[in-house]
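Here is the file data_20.cif (mmCIF, C-alpha atoms).
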data_structure
#
loop_
_atom_site.group_PDB
_atom_site.id
_atom_site.type_symbol
_atom_site.label_atom_id
_atom_site.label_comp_id
_atom_site.auth_asym_id
_atom_site.auth_seq_id
_atom_site.Cartn_x
_atom_site.Cartn_y
_atom_site.Cartn_z
ATOM 1 C CA MET A 1 -20.659 75.318 55.798
ATOM 2 C CA ALA A 2 -18.361 73.091 57.855
ATOM 3 C CA LEU A 3 -19.506 69.599 58.766
ATOM 4 C CA SER A 4 -19.679 68.404 62.355
ATOM 5 C CA GLY A 5 -17.418 65.556 63.472
ATOM 6 C CA CYS A 6 -20.269 63.061 63.265
ATOM 7 C CA GLU A 7 -21.240 64.247 59.777
ATOM 8 C CA CYS A 8 -17.626 63.868 58.618
ATOM 9 C CA ILE A 9 -17.476 60.295 59.879
ATOM 10 C CA VAL A 10 -20.800 59.411 58.221
ATOM 11 C CA ASP A 11 -19.754 61.073 54.946
ATOM 12 C CA ALA A 12 -16.442 59.196 54.963
ATOM 13 C CA PHE A 13 -18.217 55.907 55.689
ATOM 14 C CA ILE A 14 -20.656 56.486 52.821
ATOM 15 C CA GLY A 15 -17.729 57.286 50.530
ATOM 16 C CA TYR A 16 -15.862 54.113 51.515
ATOM 17 C CA GLN A 17 -19.048 52.096 51.094
ATOM 18 C CA GLY A 18 -19.510 53.527 47.609
ATOM 19 C CA ILE A 19 -15.983 52.543 46.649
ATOM 20 C CA THR A 20 -16.606 49.024 47.955
ATOM 21 C CA LYS A 21 -19.874 48.641 46.061
ATOM 22 C CA ARG A 22 -18.385 49.930 42.786
ATOM 23 C CA ALA A 23 -15.389 47.630 43.192
ATOM 24 C CA LEU A 24 -17.710 44.667 43.822
ATOM 25 C CA LEU A 25 -19.658 45.481 40.678
ATOM 26 C CA LYS A 26 -16.417 45.639 38.722
ATOM 27 C CA HIS A 27 -15.350 42.276 40.196
ATOM 28 C CA LYS A 28 -18.787 40.910 39.243
ATOM 29 C CA SER A 29 -19.067 39.307 42.650
ATOM 30 C CA ASP A 30 -22.426 37.835 43.588
ATOM 31 C CA LEU A 31 -21.674 38.408 47.260
ATOM 32 C CA LYS A 32 -23.407 41.060 49.304
ATOM 33 C CA PRO A 33 -21.352 43.823 50.952
ATOM 34 C CA SER A 34 -22.145 42.322 54.373
ATOM 35 C CA GLN A 35 -20.653 39.010 53.247
ATOM 36 C CA ILE A 36 -17.568 40.791 51.948
ATOM 37 C CA MET A 37 -17.283 42.469 55.348
ATOM 38 C CA MET A 38 -17.436 39.053 57.043
ATOM 39 C CA LEU A 39 -14.739 37.687 54.746
ATOM 40 C CA THR A 40 -12.602 40.754 55.404
ATOM 41 C CA LEU A 41 -13.009 40.433 59.179
ATOM 42 C CA LEU A 42 -12.116 36.740 59.046
ATOM 43 C CA ASP A 43 -9.080 37.597 56.942
ATOM 44 C CA MET A 44 -7.973 40.241 59.443
ATOM 45 C CA ASN A 45 -8.780 38.321 62.628
ATOM 46 C CA GLY A 46 -8.436 34.670 61.678
ATOM 47 C CA GLN A 47 -10.819 32.191 63.277
ATOM 48 C CA THR A 48 -13.617 34.171 64.914
ATOM 49 C CA SER A 49 -16.710 33.205 66.870
ATOM 50 C CA MET A 50 -20.098 33.965 65.377
ATOM 51 C CA GLY A 51 -20.797 36.160 68.409
ATOM 52 C CA ALA A 52 -17.665 38.234 67.780
ATOM 53 C CA LEU A 53 -18.522 38.578 64.070
ATOM 54 C CA ALA A 54 -22.025 39.713 64.971
ATOM 55 C CA SER A 55 -20.658 42.225 67.455
ATOM 56 C CA GLN A 56 -18.122 43.649 64.994
ATOM 57 C CA LEU A 57 -20.814 44.029 62.316
ATOM 58 C CA ALA A 58 -23.414 45.343 64.797
ATOM 59 C CA ILE A 59 -25.914 42.626 63.876
ATOM 60 C CA SER A 60 -27.552 39.817 65.852
ATOM 61 C CA LYS A 61 -25.957 36.372 66.157
ATOM 62 C CA GLU A 62 -28.885 34.983 64.170
ATOM 63 C CA GLN A 63 -28.264 37.448 61.334
ATOM 64 C CA ALA A 64 -24.573 36.582 61.349
ATOM 65 C CA SER A 65 -25.353 32.872 61.228
ATOM 66 C CA ARG A 66 -27.755 33.297 58.309
ATOM 67 C CA ALA A 67 -25.282 35.470 56.417
ATOM 68 C CA ILE A 68 -22.431 33.029 56.868
ATOM 69 C CA VAL A 69 -24.410 30.032 55.574
ATOM 70 C CA ARG A 70 -24.030 31.234 51.978
ATOM 71 C CA LEU A 71 -20.292 31.720 52.483
ATOM 72 C CA VAL A 72 -20.027 28.174 53.842
ATOM 73 C CA ASP A 73 -22.134 26.812 50.961
ATOM 74 C CA SER A 74 -19.894 28.678 48.491
ATOM 75 C CA GLY A 75 -16.782 27.131 50.021
ATOM 76 C CA TYR A 76 -15.316 30.425 51.276
ATOM 77 C CA VAL A 77 -15.799 29.812 54.999
ATOM 78 C CA GLU A 78 -15.798 26.817 57.287
ATOM 79 C CA ARG A 79 -17.463 26.516 60.669
ATOM 80 C CA SER A 80 -16.227 24.590 63.680
ATOM 81 C CA HIS A 81 -17.166 24.205 67.324
ATOM 82 C CA ASP A 82 -14.892 25.602 69.992
ATOM 83 C CA ALA A 83 -13.064 22.766 71.767
ATOM 84 C CA ALA A 84 -13.509 24.370 75.198
ATOM 85 C CA ASN A 85 -17.192 25.269 74.736
ATOM 86 C CA ARG A 86 -19.142 23.277 72.137
ATOM 87 C CA ARG A 87 -21.914 25.898 72.108
ATOM 88 C CA VAL A 88 -19.531 28.429 70.545
ATOM 89 C CA VAL A 89 -19.379 28.236 66.753
ATOM 90 C CA ASN A 90 -16.285 29.647 65.072
ATOM 91 C CA ALA A 91 -15.844 30.659 61.454
ATOM 92 C CA SER A 92 -12.646 30.820 59.445
ATOM 93 C CA LEU A 93 -11.649 31.327 55.830
ATOM 94 C CA THR A 94 -10.984 28.344 53.623
ATOM 95 C CA GLU A 95 -8.112 28.527 51.115
ATOM 96 C CA GLU A 96 -10.677 29.477 48.471
ATOM 97 C CA GLY A 97 -12.015 32.221 50.734
ATOM 98 C CA ALA A 98 -8.507 33.580 51.306
ATOM 99 C CA ARG A 99 -7.920 33.632 47.524
ATOM 100 C CA LEU A 100 -11.190 35.519 47.046
ATOM 101 C CA VAL A 101 -10.230 38.122 49.666
ATOM 102 C CA ASP A 102 -6.826 38.565 47.969
ATOM 103 C CA ALA A 103 -8.543 39.013 44.594
ATOM 104 C CA LEU A 104 -10.954 41.557 46.079
ATOM 105 C CA HIS A 105 -8.037 43.474 47.591
ATOM 106 C CA ASP A 106 -6.474 43.658 44.118
ATOM 107 C CA VAL A 107 -9.770 44.930 42.664
ATOM 108 C CA TYR A 108 -10.094 47.488 45.476
ATOM 109 C CA ASP A 109 -6.536 48.700 44.901
ATOM 110 C CA GLU A 110 -7.036 49.033 41.156
ATOM 111 C CA PHE A 111 -10.455 50.628 41.489
ATOM 112 C CA LEU A 112 -9.397 52.963 44.270
ATOM 113 C CA TRP A 113 -6.420 54.340 42.379
ATOM 114 C CA GLU A 114 -8.491 54.700 39.200
ATOM 115 C CA GLY A 115 -11.345 56.290 41.128
ATOM 116 C CA LEU A 116 -9.040 58.774 42.791
ATOM 117 C CA GLY A 117 -7.666 59.967 39.474
ATOM 118 C CA ARG A 118 -8.547 63.572 40.287
ATOM 119 C CA LEU A 119 -6.126 63.535 43.221
ATOM 120 C CA ASP A 120 -2.397 63.972 42.839
ATOM 121 C CA GLU A 121 -0.022 61.397 44.350
ATOM 122 C CA GLY A 122 0.471 63.429 47.538
ATOM 123 C CA GLU A 123 -3.289 63.694 48.089
ATOM 124 C CA LYS A 124 -3.728 59.960 47.474
ATOM 125 C CA GLN A 125 -1.038 59.181 50.032
ATOM 126 C CA GLU A 126 -2.616 61.592 52.511
ATOM 127 C CA LEU A 127 -5.995 59.889 52.068
ATOM 128 C CA VAL A 128 -4.421 56.471 52.687
ATOM 129 C CA GLU A 129 -2.703 57.687 55.861
ATOM 130 C CA ILE A 130 -5.860 59.378 57.165
ATOM 131 C CA SER A 131 -7.928 56.280 56.370
ATOM 132 C CA CYS A 132 -5.489 53.996 58.184
ATOM 133 C CA ARG A 133 -5.523 56.251 61.225
ATOM 134 C CA ALA A 134 -9.331 56.461 61.150
ATOM 135 C CA ALA A 135 -9.557 52.656 61.000
ATOM 136 C CA GLU A 136 -7.231 52.347 64.017
ATOM 137 C CA LEU A 137 -9.247 54.844 66.036
ATOM 138 C CA LEU A 138 -12.588 53.280 65.102
ATOM 139 C CA GLN A 139 -11.328 49.824 66.071
ATOM 140 C CA LYS A 140 -10.165 51.217 69.403
ATOM 141 C CA ALA A 141 -13.465 53.053 69.979
ATOM 142 C CA LEU A 142 -15.586 50.055 69.070
ATOM 143 C CA GLY A 143 -13.467 47.571 70.965
#

Could you render the structure as structure tokens?
Amino acid sequence: MALSGCECIVDAFIGYQGITKRALLKHKSDLKPSQIMMLTLLDMNGQTSMGALASQLAISKEQASRAIVRLVDSGYVERSHDAANRRVVNASLTEEGARLVDALHDVYDEFLWEGLGRLDEGEKQELVEISCRAAELLQKALG
């Protein structure tokens, strides 16, 4: 039975999430997946307001603030107030946070290629291309 478009997206998301969780376990990271997502977004976007982080993760500003406290306490993220509007709090990666994200990318790469061992090289490349295109479209759809 063929899956609907929505079911395909959900299945793909669950698959990607599984890869992320298994890679985190292999890395022996004590960070939660939501914190890894925050680090990844900060790596991709640079300095970002707490409101924008919350919006991108589909959580409240309060949840984003609570989640980022541990990253600040761990030395991975620093917070600052926006010069134009002191009420806006921005977050950005520290050098240590950037090193952690780089290390996680290496773990993801290694784990992904190991985990996709049943696929031939052409299928792996096709999956990468499809995933990149899906990420572009989802970013466009979600603003």

What would the selection look like, as a compact mmCIF listing (two decimals) with C-alpha atoms, keeping the file's coordinate frame, if the PyMOL selection byres ((chain A and resi 86-98) around 7) were run on the coordinates I just shared?
# COMPACT_ATOMS: atom_id res chain seq x y z
CA LEU A 42 -12.12 36.74 59.05
CA ASP A 43 -9.08 37.60 56.94
CA GLY A 46 -8.44 34.67 61.68
CA GLN A 47 -10.82 32.19 63.28
CA THR A 48 -13.62 34.17 64.91
CA SER A 49 -16.71 33.20 66.87
CA MET A 50 -20.10 33.97 65.38
CA GLY A 75 -16.78 27.13 50.02
CA TYR A 76 -15.32 30.42 51.28
CA VAL A 77 -15.80 29.81 55.00
CA GLU A 78 -15.80 26.82 57.29
CA ARG A 79 -17.46 26.52 60.67
CA SER A 80 -16.23 24.59 63.68
CA HIS A 81 -17.17 24.20 67.32
CA ASP A 82 -14.89 25.60 69.99
CA ALA A 83 -13.06 22.77 71.77
CA ALA A 84 -13.51 24.37 75.20
CA ASN A 85 -17.19 25.27 74.74
CA ARG A 99 -7.92 33.63 47.52
CA LEU A 100 -11.19 35.52 47.05
CA VAL A 101 -10.23 38.12 49.67
CA ASP A 102 -6.83 38.56 47.97

*Have a look at CA of Asp106 (chain A) and CA of Ala135 (chain A) and let me know their distance in Å, one decimal.*
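Computing it gives 19.4 Å between the two atoms.
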
*Suppose you want the space between CA of Leu41 (chain A) and CA of Glu123 (chain A); what is it in Å?*
27.5 Å

*What is the CA of Leu112 (chain A) to CA of Lys140 (chain A) distance in Å?*
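For CA of Leu112 (chain A) relative to CA of Lys140 (chain A), the distance reads 25.2 Å.
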
*Of the candidates A:Leu31, A:Ile36, A:Cys6, A:Ala134, which shows the shortest atom-to-atom distance to His105 (chain A), using all atoms listed in the file?*
A:Ile36

*Find the residues near Trp113 (chain A): any atom within 12 Å, counting all atoms listed in the file, skip ones fewer than 3 places away on the same chain, and give them as a list in words.*
Ile19, Ala23, Asp106, Val107, Tyr108, Asp109, Glu110, Leu116, Gly117, Arg118, Leu119, Asp120, Glu121, Glu123, Lys124, Gln125, Leu127 and Val128 of chain A

_For Gln139 (chain A), the nearest of the candidates A:Leu39, A:Leu57, A:Val10, A:Val69, counting all atoms listed in the file_ =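 Smallest distance to Gln139 (chain A) is found for A:Leu57.
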